[in-house]
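Structure, as structure tokens:
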Amino acid sequence: MNIDKLSKILEALPKYRTKQAKEAIFKNLISDWNKATFLPLNLRQELNEKCPLEIKAEMLVSKKKDSVKAKITLDDGLLVETVLMRHKDGRNTVCVSSQVGCPLGCSFCTTGKMGFKRNLTPMEIVEQVIFFARYLKKGGKKVTNVTFMGMGEPFLNYENVMRSARIINTKEKLNIGARNISISTAGIIEGIEKFAKEGTQINLAISLHAPSNELRSKLMPINRKYHLERLLAAVDAYIKKTKRQVMFEYLLIKNVNDTESCARELARIMKKPLYYVNLILYNSTSGNNFSPSSAEKVKKFKEILKKNKVVFSQRFRFGEDIKAACGQFAGSKN
């Protein structure tokens with residue numbers, strides 16, 4: 001899919017043609033300009049040639065049908081992945097990537113092992129949402145939520161991520177409410193500071209995964225630059241300015257960050273107004289020795305948080321059978 005030349009092609013035509021074309025892409029969700037029968041045939045032919053709408057992708061569907069993963073081939077041949085999570089309450093969440101690969105090298109993440117290739121453009125990010133919007137439309141459903149929690153660090157591609165989020169949110173385009181959009185960062189403080197000034201209702205999430213600098217630096221090298229004290233201070237400043245809740249994502253990894261001492265330390269730093277912890281059971285990946293925490297350890301961990309009055313929830317784990325952890329599908333050779 002590439003609509004970079006769309007404005008140029010339509011600039012000499014009446015303005016309503018541009019409106020029609022954008023409605024065809026974002027509202028009607030067409031994948032071929034020939035389906036836009038309200039446009040002249042010669043224009044449809046030109047648009048198919050110069051602004052193709054086809055999204056080349058390989059898909060994996062989980063056995064439970066609750067998650068679908070797509071590996072999208074971009075115009076330059078690079079691969080990026082996106083996931084659809086279908087919740088029991090009717091929500092349909094698309095998790096999008098913001099970069100091809102990732103420069104942060106978190107030890108538990110397959111994407112980090114791919115290295116960094118390049119930033120995605122705004123439309124390459126939006127394309128991921130459109131892909132699943134088309135998929136859901138066949139069953140009479142819609143995308144209700146979007147999370148920037150896929151491959152890459154969103155705040156290292158800040159301008160393109162924010163432009164894509166505005167396209168996703170704009171009423172005339174994908175029309176997904178700002179409060180249903182979340183952007184997750186590993187802790188890029190400059191990004192958090194800029195985001196606080198946006199005046200948007202888009203949610204901020206922090207990939208935390210460890211309650212101490214020593215452990216977090218082992219798991220996430222970015223912590224050596226943006227240590228916990230600086231990160232939490234930036235979050236506090238964001239909350240003070242926006243009055244908005246911040247979610248802290250915490251992967252539960254067996255015998256790594258799921259101990260009772262980790263739970264107590266996490267409780268100590270998370271007992272603040274508008275802090276919210278989202279516990280996520282780790283999805284095993286190839287190339288490392290990490291595995292998900294046992295049910296017994298998860299139960300004890302949650303008991304400690306509850307006892308200390310930490311606001312938290314545990315996210316249902318999607319797609320164990322479809323390489324659902326970040327980078328697993330795009331990094332695979334088959």
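We label chains A, B, ... in the order they appear in the structure tokens, count residues from 1 in each chain, and number ligands from 1 in the order shown.
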
**Request:** Mind checking which residues fall within 10 Å of Leu53 of chain A, counting only C-alpha atoms, ignoring those fewer than 4 positions away in the same chain, and posting them as a list in words?
**Result:** Met1, Asn2, Ile3, Ile25, Leu29, Ile30, Ser31, Asp32, Trp33, Leu47, Asn48, Glu49 and Glu127 of chain A

Go ahead and save the picked residues with all heavy atoms, as a short mmCIF file (atom, residue, chain, number, x, y, z; two decimals), in the first residue's frame.
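Output contents, as saved in again-v7.cif:
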```cif
data_model
loop_
_atom_site.label_atom_id
_atom_site.label_comp_id
_atom_site.auth_asym_id
_atom_site.auth_seq_id
_atom_site.Cartn_x
_atom_site.Cartn_y
_atom_site.Cartn_z
N MET A 1 0.85 -1.20 0.00
CA MET A 1 0.00 0.00 0.00
C MET A 1 0.88 1.24 0.00
O MET A 1 1.81 1.35 0.80
CB MET A 1 -0.90 0.00 1.24
CG MET A 1 -1.81 1.22 1.35
SD MET A 1 -2.93 1.07 2.76
CE MET A 1 -3.73 2.66 2.68
N ASN A 2 0.60 2.16 -0.94
CA ASN A 2 1.41 3.39 -1.01
C ASN A 2 0.55 4.51 -1.59
O ASN A 2 0.27 4.52 -2.79
CB ASN A 2 2.64 3.16 -1.87
CG ASN A 2 3.61 4.33 -1.82
OD1 ASN A 2 3.22 5.46 -1.56
ND2 ASN A 2 4.88 4.06 -2.08
N ILE A 3 0.15 5.44 -0.74
CA ILE A 3 -0.70 6.55 -1.21
C ILE A 3 0.04 7.89 -1.13
O ILE A 3 -0.58 8.95 -1.08
CB ILE A 3 -2.02 6.62 -0.42
CG1 ILE A 3 -1.77 6.82 1.08
CG2 ILE A 3 -2.85 5.36 -0.66
CD1 ILE A 3 -3.05 7.09 1.86
N ILE A 25 -10.52 4.89 1.13
CA ILE A 25 -9.40 4.25 1.83
C ILE A 25 -9.74 3.99 3.29
O ILE A 25 -9.59 2.86 3.78
CB ILE A 25 -8.14 5.15 1.76
CG1 ILE A 25 -7.67 5.31 0.31
CG2 ILE A 25 -7.01 4.55 2.62
CD1 ILE A 25 -6.62 6.39 0.13
N LEU A 29 -12.67 1.16 3.23
CA LEU A 29 -11.60 0.18 3.42
C LEU A 29 -11.37 -0.69 2.18
O LEU A 29 -11.14 -1.90 2.27
CB LEU A 29 -11.90 -0.70 4.64
CG LEU A 29 -12.01 0.06 5.97
CD1 LEU A 29 -12.58 -0.87 7.06
CD2 LEU A 29 -10.65 0.61 6.40
N ILE A 30 -11.42 -0.05 1.01
CA ILE A 30 -11.21 -0.81 -0.23
C ILE A 30 -9.74 -1.21 -0.36
O ILE A 30 -8.84 -0.54 0.14
CB ILE A 30 -11.65 -0.01 -1.47
CG1 ILE A 30 -10.80 1.26 -1.64
CG2 ILE A 30 -13.13 0.33 -1.40
CD1 ILE A 30 -11.01 1.97 -2.96
N SER A 31 -9.48 -2.30 -1.06
CA SER A 31 -8.12 -2.76 -1.31
C SER A 31 -7.74 -2.66 -2.78
O SER A 31 -6.64 -3.02 -3.17
CB SER A 31 -7.97 -4.22 -0.84
OG SER A 31 -8.90 -5.05 -1.48
N ASP A 32 -8.68 -2.17 -3.59
CA ASP A 32 -8.47 -2.03 -5.04
C ASP A 32 -9.30 -0.83 -5.50
O ASP A 32 -10.50 -0.74 -5.21
CB ASP A 32 -8.94 -3.31 -5.74
CG ASP A 32 -8.66 -3.30 -7.24
OD1 ASP A 32 -8.75 -2.22 -7.87
OD2 ASP A 32 -8.35 -4.38 -7.79
N TRP A 33 -8.66 0.11 -6.21
CA TRP A 33 -9.36 1.32 -6.63
C TRP A 33 -10.53 1.02 -7.57
O TRP A 33 -11.44 1.84 -7.71
CB TRP A 33 -8.38 2.29 -7.30
CG TRP A 33 -7.49 2.99 -6.34
CD1 TRP A 33 -6.16 2.80 -6.15
CD2 TRP A 33 -7.88 4.03 -5.41
NE1 TRP A 33 -5.68 3.63 -5.16
CE2 TRP A 33 -6.72 4.40 -4.69
CE3 TRP A 33 -9.09 4.65 -5.12
CZ2 TRP A 33 -6.73 5.38 -3.70
CZ3 TRP A 33 -9.10 5.64 -4.14
CH2 TRP A 33 -7.94 5.99 -3.44
N LEU A 47 -4.72 5.46 -10.30
CA LEU A 47 -4.52 5.27 -8.86
C LEU A 47 -4.03 3.85 -8.55
O LEU A 47 -3.17 3.67 -7.68
CB LEU A 47 -5.82 5.57 -8.11
CG LEU A 47 -6.23 7.04 -8.06
CD1 LEU A 47 -7.62 7.19 -7.45
CD2 LEU A 47 -5.22 7.87 -7.28
N ASN A 48 -4.56 2.86 -9.25
CA ASN A 48 -4.09 1.49 -9.02
C ASN A 48 -2.61 1.34 -9.37
O ASN A 48 -1.88 0.59 -8.73
CB ASN A 48 -4.90 0.50 -9.85
CG ASN A 48 -6.08 -0.07 -9.08
OD1 ASN A 48 -6.03 -0.18 -7.86
ND2 ASN A 48 -7.14 -0.43 -9.79
N GLU A 49 -2.18 2.08 -10.39
CA GLU A 49 -0.79 2.01 -10.81
C GLU A 49 0.14 2.78 -9.88
O GLU A 49 1.22 2.29 -9.51
CB GLU A 49 -0.67 2.57 -12.24
CG GLU A 49 0.76 2.55 -12.78
CD GLU A 49 0.87 3.21 -14.16
OE1 GLU A 49 -0.17 3.43 -14.81
OE2 GLU A 49 2.01 3.52 -14.56
N GLU A 127 -1.16 1.73 8.06
CA GLU A 127 -1.45 0.57 7.20
C GLU A 127 -1.73 -0.69 8.01
O GLU A 127 -2.55 -1.52 7.64
CB GLU A 127 -0.24 0.35 6.27
CG GLU A 127 -0.34 -0.84 5.34
CD GLU A 127 0.90 -0.95 4.45
OE1 GLU A 127 1.52 0.09 4.16
OE2 GLU A 127 1.23 -2.08 4.05
#
```

**Request:** With a distance cut-off of 7 Å and only C-alpha atoms, select the neighbouring residues of Ile280 of chain A, excluding the residue or stretch itself and same-chain residues fewer than 4 positions from it, and output the selection as a PyMOL selection string.
**Result:** chain A and resi 250-252+314-315

Quick one: contact table of segment 47-86 of chain A to segment 94-102 of chain A, 6 Å max, nearest atom pair and distance in Å to one decimal per residue, counting only C-alpha atoms, chain and number order, as JSON lines?
```
{"residue": "A:Val80", "atom": "CA", "partner": "A:Val100", "partner_atom": "CA", "distance": 5.9}
{"residue": "A:Thr82", "atom": "CA", "partner": "A:Val96", "partner_atom": "CA", "distance": 5.0}
{"residue": "A:Val83", "atom": "CA", "partner": "A:Cys95", "partner_atom": "CA", "distance": 5.1}
{"residue": "A:Leu84", "atom": "CA", "partner": "A:Val94", "partner_atom": "CA", "distance": 4.5}
```

Residues near Val143 of chain A, anyone? I mean within 9 Å using only C-alpha atoms, not counting same-chain ones fewer than 2 positions away, as a CSV table (one decimal) with N, CA, C and O atoms, in the first residue's frame.
```csv
chain,number,residue,atom,x,y,z
A,84,LEU,N,-3.7,-8.5,16.0
A,84,LEU,CA,-5.1,-8.2,16.4
A,84,LEU,C,-5.4,-9.1,17.6
A,84,LEU,O,-5.3,-10.3,17.6
A,91,ARG,N,-14.2,-5.8,22.4
A,91,ARG,CA,-13.1,-4.9,21.9
A,91,ARG,C,-12.2,-5.7,20.9
A,91,ARG,O,-12.0,-6.9,21.1
A,92,ASN,N,-11.7,-5.0,19.9
A,92,ASN,CA,-10.8,-5.5,19.0
A,92,ASN,C,-9.6,-4.6,18.9
A,92,ASN,O,-9.7,-3.4,18.4
A,93,THR,N,-8.5,-5.0,19.5
A,93,THR,CA,-7.3,-4.2,19.7
A,93,THR,C,-6.2,-4.5,18.7
A,93,THR,O,-5.9,-5.7,18.6
A,94,VAL,N,-5.7,-3.5,18.0
A,94,VAL,CA,-4.6,-3.8,17.1
A,94,VAL,C,-3.3,-3.2,17.7
A,94,VAL,O,-3.3,-2.1,18.1
A,129,VAL,N,-3.2,-0.9,10.9
A,129,VAL,CA,-4.6,-0.8,11.4
A,129,VAL,C,-5.5,-1.0,10.3
A,129,VAL,O,-6.6,-1.7,10.5
A,130,ILE,N,-5.3,-0.4,9.1
A,130,ILE,CA,-6.2,-0.6,8.0
A,130,ILE,C,-6.2,-2.1,7.6
A,130,ILE,O,-7.3,-2.6,7.3
A,132,PHE,N,-6.1,-4.8,9.5
A,132,PHE,CA,-7.0,-5.5,10.3
A,132,PHE,C,-8.5,-4.9,10.3
A,132,PHE,O,-9.4,-5.6,10.6
A,133,ALA,N,-8.6,-3.6,10.0
A,133,ALA,CA,-9.9,-3.1,9.8
A,133,ALA,C,-10.6,-3.7,8.6
A,133,ALA,O,-11.8,-4.1,8.7
A,136,LEU,N,-11.6,-7.4,9.8
A,136,LEU,CA,-12.7,-7.4,10.7
A,136,LEU,C,-14.0,-7.0,9.9
A,136,LEU,O,-15.1,-7.5,10.3
A,137,LYS,N,-13.9,-6.2,9.0
A,137,LYS,CA,-15.1,-5.7,8.2
A,137,LYS,C,-15.8,-6.9,7.6
A,137,LYS,O,-17.1,-6.9,7.5
A,141,LYS,N,-17.3,-6.5,12.0
A,141,LYS,CA,-16.7,-5.9,13.2
A,141,LYS,C,-15.8,-4.7,12.8
A,141,LYS,O,-15.4,-4.5,11.6
A,145,ASN,N,-9.6,-0.4,19.4
A,145,ASN,CA,-8.5,0.1,20.2
A,145,ASN,C,-7.2,-0.1,19.4
A,145,ASN,O,-7.1,-1.0,18.6
A,146,VAL,N,-6.2,0.8,19.6
A,146,VAL,CA,-4.9,0.7,19.0
A,146,VAL,C,-3.8,0.9,20.0
A,146,VAL,O,-3.9,1.9,20.8
A,174,LEU,N,-9.8,7.1,10.4
A,174,LEU,CA,-10.2,5.9,11.0
A,174,LEU,C,-11.1,6.1,12.3
A,174,LEU,O,-11.7,5.1,12.7
A,176,ILE,N,-10.9,6.4,15.5
A,176,ILE,CA,-10.8,5.7,16.8
A,176,ILE,C,-10.5,6.7,17.9
A,176,ILE,O,-9.5,7.4,17.8
```

Fewer than 2 positions away in the same chain doesn't count, so skip those; otherwise give me all residues within 10 Å of Asp75 of chain A, counting only C-alpha atoms, as a short mmCIF file (atom, residue, chain, number, x, y, z; two decimals) with N, CA, C and O atoms, in the first residue's frame.
```
data_model
loop_
_atom_site.label_atom_id
_atom_site.label_comp_id
_atom_site.auth_asym_id
_atom_site.auth_seq_id
_atom_site.Cartn_x
_atom_site.Cartn_y
_atom_site.Cartn_z
N MET A 1 0.85 -1.20 0.00
CA MET A 1 0.00 0.00 0.00
C MET A 1 0.88 1.24 0.00
O MET A 1 1.81 1.35 0.80
N ASN A 2 0.60 2.16 -0.94
CA ASN A 2 1.41 3.39 -1.01
C ASN A 2 0.55 4.51 -1.59
O ASN A 2 0.27 4.52 -2.79
N ILE A 55 -2.21 -4.62 0.52
CA ILE A 55 -1.28 -4.80 1.64
C ILE A 55 -0.80 -6.25 1.60
O ILE A 55 -1.59 -7.18 1.80
N LYS A 56 0.47 -6.43 1.31
CA LYS A 56 1.03 -7.78 1.20
C LYS A 56 1.36 -8.29 2.60
O LYS A 56 2.18 -7.71 3.30
N ILE A 72 3.71 -8.03 7.56
CA ILE A 72 3.48 -7.19 6.38
C ILE A 72 4.80 -6.90 5.67
O ILE A 72 5.80 -6.54 6.30
N THR A 73 4.79 -7.07 4.36
CA THR A 73 5.96 -6.75 3.54
C THR A 73 5.83 -5.31 3.05
O THR A 73 4.86 -4.97 2.35
N GLY A 77 10.69 -4.14 0.83
CA GLY A 77 10.96 -5.55 1.10
C GLY A 77 11.17 -5.89 2.56
O GLY A 77 11.23 -7.08 2.93
N LEU A 78 11.29 -4.88 3.43
CA LEU A 78 11.44 -5.15 4.85
C LEU A 78 10.12 -5.64 5.44
O LEU A 78 9.04 -5.39 4.89
N LEU A 79 10.21 -6.33 6.57
CA LEU A 79 9.04 -6.93 7.20
C LEU A 79 8.72 -6.25 8.52
O LEU A 79 9.61 -5.89 9.28
N GLU A 124 2.86 3.81 7.00
CA GLU A 124 3.24 2.42 7.23
C GLU A 124 2.73 1.93 8.58
O GLU A 124 2.45 0.74 8.75
#
```

**Asked** Nearest to Ser293 of chain A among A:Phe248, A:Lys272, A:Lys306, A:Ile253, with distances taken over only C-alpha atoms: which residue is it?
**Response** A:Ile253

**Message:** Quick check for you: according to DSSP on this backbone, which residues of segment 78-232 of chain A are classed as strand (DSSP E or B)? Reply as a PyMOL selection string.
**Reply:** chain A and resi 79-86+92-95+99-101+116-119+145-148+181-185+203-207

**Asked** Which polymer residues have any atom within 10 Å of an atom of Val256 of chain A, counting only C-alpha atoms, with same-chain residues fewer than 5 positions away left out, as JSON, numbers by chain?
**Response** {"A": [209, 210, 215, 219, 262, 290, 291, 292, 293]}

**Prompt:** Residues at most 8 Å from Ser207 of chain A, counting only C-alpha atoms, excluding those fewer than 4 positions away in the same chain, as an MDAnalysis selection string?
**Reply:** chainID A and resid 184:187 248:250

Selection export as a PDB file, in the first residue's frame, atoms kept: all heavy atoms:
```pdb
ATOM      1  N   SER A 184       3.280   3.115  24.140  1.00  0.00           N
ATOM      2  CA  SER A 184       4.150   2.555  25.167  1.00  0.00           C
ATOM      3  C   SER A 184       5.608   2.906  24.888  1.00  0.00           C
ATOM      4  O   SER A 184       6.076   2.787  23.752  1.00  0.00           O
ATOM      5  CB  SER A 184       3.985   1.032  25.211  1.00  0.00           C
ATOM      6  OG  SER A 184       4.893   0.454  26.120  1.00  0.00           O
ATOM      7  N   THR A 185       6.313   3.315  25.922  1.00  0.00           N
ATOM      8  CA  THR A 185       7.735   3.619  25.795  1.00  0.00           C
ATOM      9  C   THR A 185       8.538   2.858  26.838  1.00  0.00           C
ATOM     10  O   THR A 185       8.048   2.609  27.942  1.00  0.00           O
ATOM     11  CB  THR A 185       8.009   5.129  25.949  1.00  0.00           C
ATOM     12  OG1 THR A 185       9.432   5.361  25.905  1.00  0.00           O
ATOM     13  CG2 THR A 185       7.470   5.673  27.265  1.00  0.00           C
ATOM     14  N   ALA A 186       9.752   2.505  26.472  1.00  0.00           N
ATOM     15  CA  ALA A 186      10.664   1.851  27.419  1.00  0.00           C
ATOM     16  C   ALA A 186      11.247   2.858  28.400  1.00  0.00           C
ATOM     17  O   ALA A 186      11.946   2.470  29.339  1.00  0.00           O
ATOM     18  CB  ALA A 186      11.784   1.132  26.670  1.00  0.00           C
ATOM     19  N   GLY A 187      10.928   4.137  28.174  1.00  0.00           N
ATOM     20  CA  GLY A 187      11.381   5.149  29.126  1.00  0.00           C
ATOM     21  C   GLY A 187      12.199   6.265  28.509  1.00  0.00           C
ATOM     22  O   GLY A 187      13.126   6.787  29.137  1.00  0.00           O
ATOM     23  N   PHE A 248       1.801   0.972  33.804  1.00  0.00           N
ATOM     24  CA  PHE A 248       3.136   0.385  33.834  1.00  0.00           C
ATOM     25  C   PHE A 248       3.025  -1.099  33.479  1.00  0.00           C
ATOM     26  O   PHE A 248       2.390  -1.866  34.201  1.00  0.00           O
ATOM     27  CB  PHE A 248       3.769   0.548  35.215  1.00  0.00           C
ATOM     28  CG  PHE A 248       4.109   1.962  35.570  1.00  0.00           C
ATOM     29  CD1 PHE A 248       3.144   2.814  36.101  1.00  0.00           C
ATOM     30  CD2 PHE A 248       5.386   2.459  35.367  1.00  0.00           C
ATOM     31  CE1 PHE A 248       3.450   4.125  36.425  1.00  0.00           C
ATOM     32  CE2 PHE A 248       5.706   3.772  35.687  1.00  0.00           C
ATOM     33  CZ  PHE A 248       4.735   4.607  36.218  1.00  0.00           C
ATOM     34  N   GLU A 249       3.632  -1.493  32.368  1.00  0.00           N
ATOM     35  CA  GLU A 249       3.596  -2.890  31.937  1.00  0.00           C
ATOM     36  C   GLU A 249       4.694  -3.671  32.638  1.00  0.00           C
ATOM     37  O   GLU A 249       5.845  -3.220  32.717  1.00  0.00           O
ATOM     38  CB  GLU A 249       3.781  -2.971  30.424  1.00  0.00           C
ATOM     39  CG  GLU A 249       2.717  -2.222  29.643  1.00  0.00           C
ATOM     40  CD  GLU A 249       3.208  -1.778  28.281  1.00  0.00           C
ATOM     41  OE1 GLU A 249       4.407  -1.447  28.154  1.00  0.00           O
ATOM     42  OE2 GLU A 249       2.402  -1.765  27.354  1.00  0.00           O
ATOM     43  N   TYR A 250       4.340  -4.847  33.131  1.00  0.00           N
ATOM     44  CA  TYR A 250       5.304  -5.655  33.880  1.00  0.00           C
ATOM     45  C   TYR A 250       5.185  -7.106  33.436  1.00  0.00           C
ATOM     46  O   TYR A 250       4.236  -7.808  33.783  1.00  0.00           O
ATOM     47  CB  TYR A 250       5.037  -5.534  35.384  1.00  0.00           C
ATOM     48  CG  TYR A 250       6.157  -6.025  36.269  1.00  0.00           C
ATOM     49  CD1 TYR A 250       7.103  -5.145  36.792  1.00  0.00           C
ATOM     50  CD2 TYR A 250       6.266  -7.374  36.605  1.00  0.00           C
ATOM     51  CE1 TYR A 250       8.128  -5.596  37.625  1.00  0.00           C
ATOM     52  CE2 TYR A 250       7.288  -7.836  37.428  1.00  0.00           C
ATOM     53  CZ  TYR A 250       8.216  -6.933  37.933  1.00  0.00           C
ATOM     54  OH  TYR A 250       9.230  -7.394  38.751  1.00  0.00           O
TER      55      TYR A 250
END
```

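Taking atom CA of Ile183 of chain A and atom CA of Leu204 of chain A as the two end points, the separation is 5.3 Å.
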
**Asked** Which residues, written as a count of residues only, have at least one atom at most 10 Å from Ile167 of chain A, with only C-alpha atoms counted and residues fewer than 4 positions away on the same chain left out?
**Response** 14

**Asked** atom CA of Glu260 of chain A to atom CA of Leu274 of chain A: how many Å, to one decimal?
**Response** 23.7 Å

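Between atom CA of Ile269 of chain A and atom CA of Phe155 of chain A lies a distance of 23.4 Å.
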
**Message:** DSSP on the backbone, helix (DSSP H, G or I) only: what residues of segment 74-299 of chain A does that give? Format it as a PyMOL selection string.
**Reply:** chain A and resi 110-114+122-137+154-156+158-169+178-180+189-196+213-219+221-224+228-242+260-270+295-299
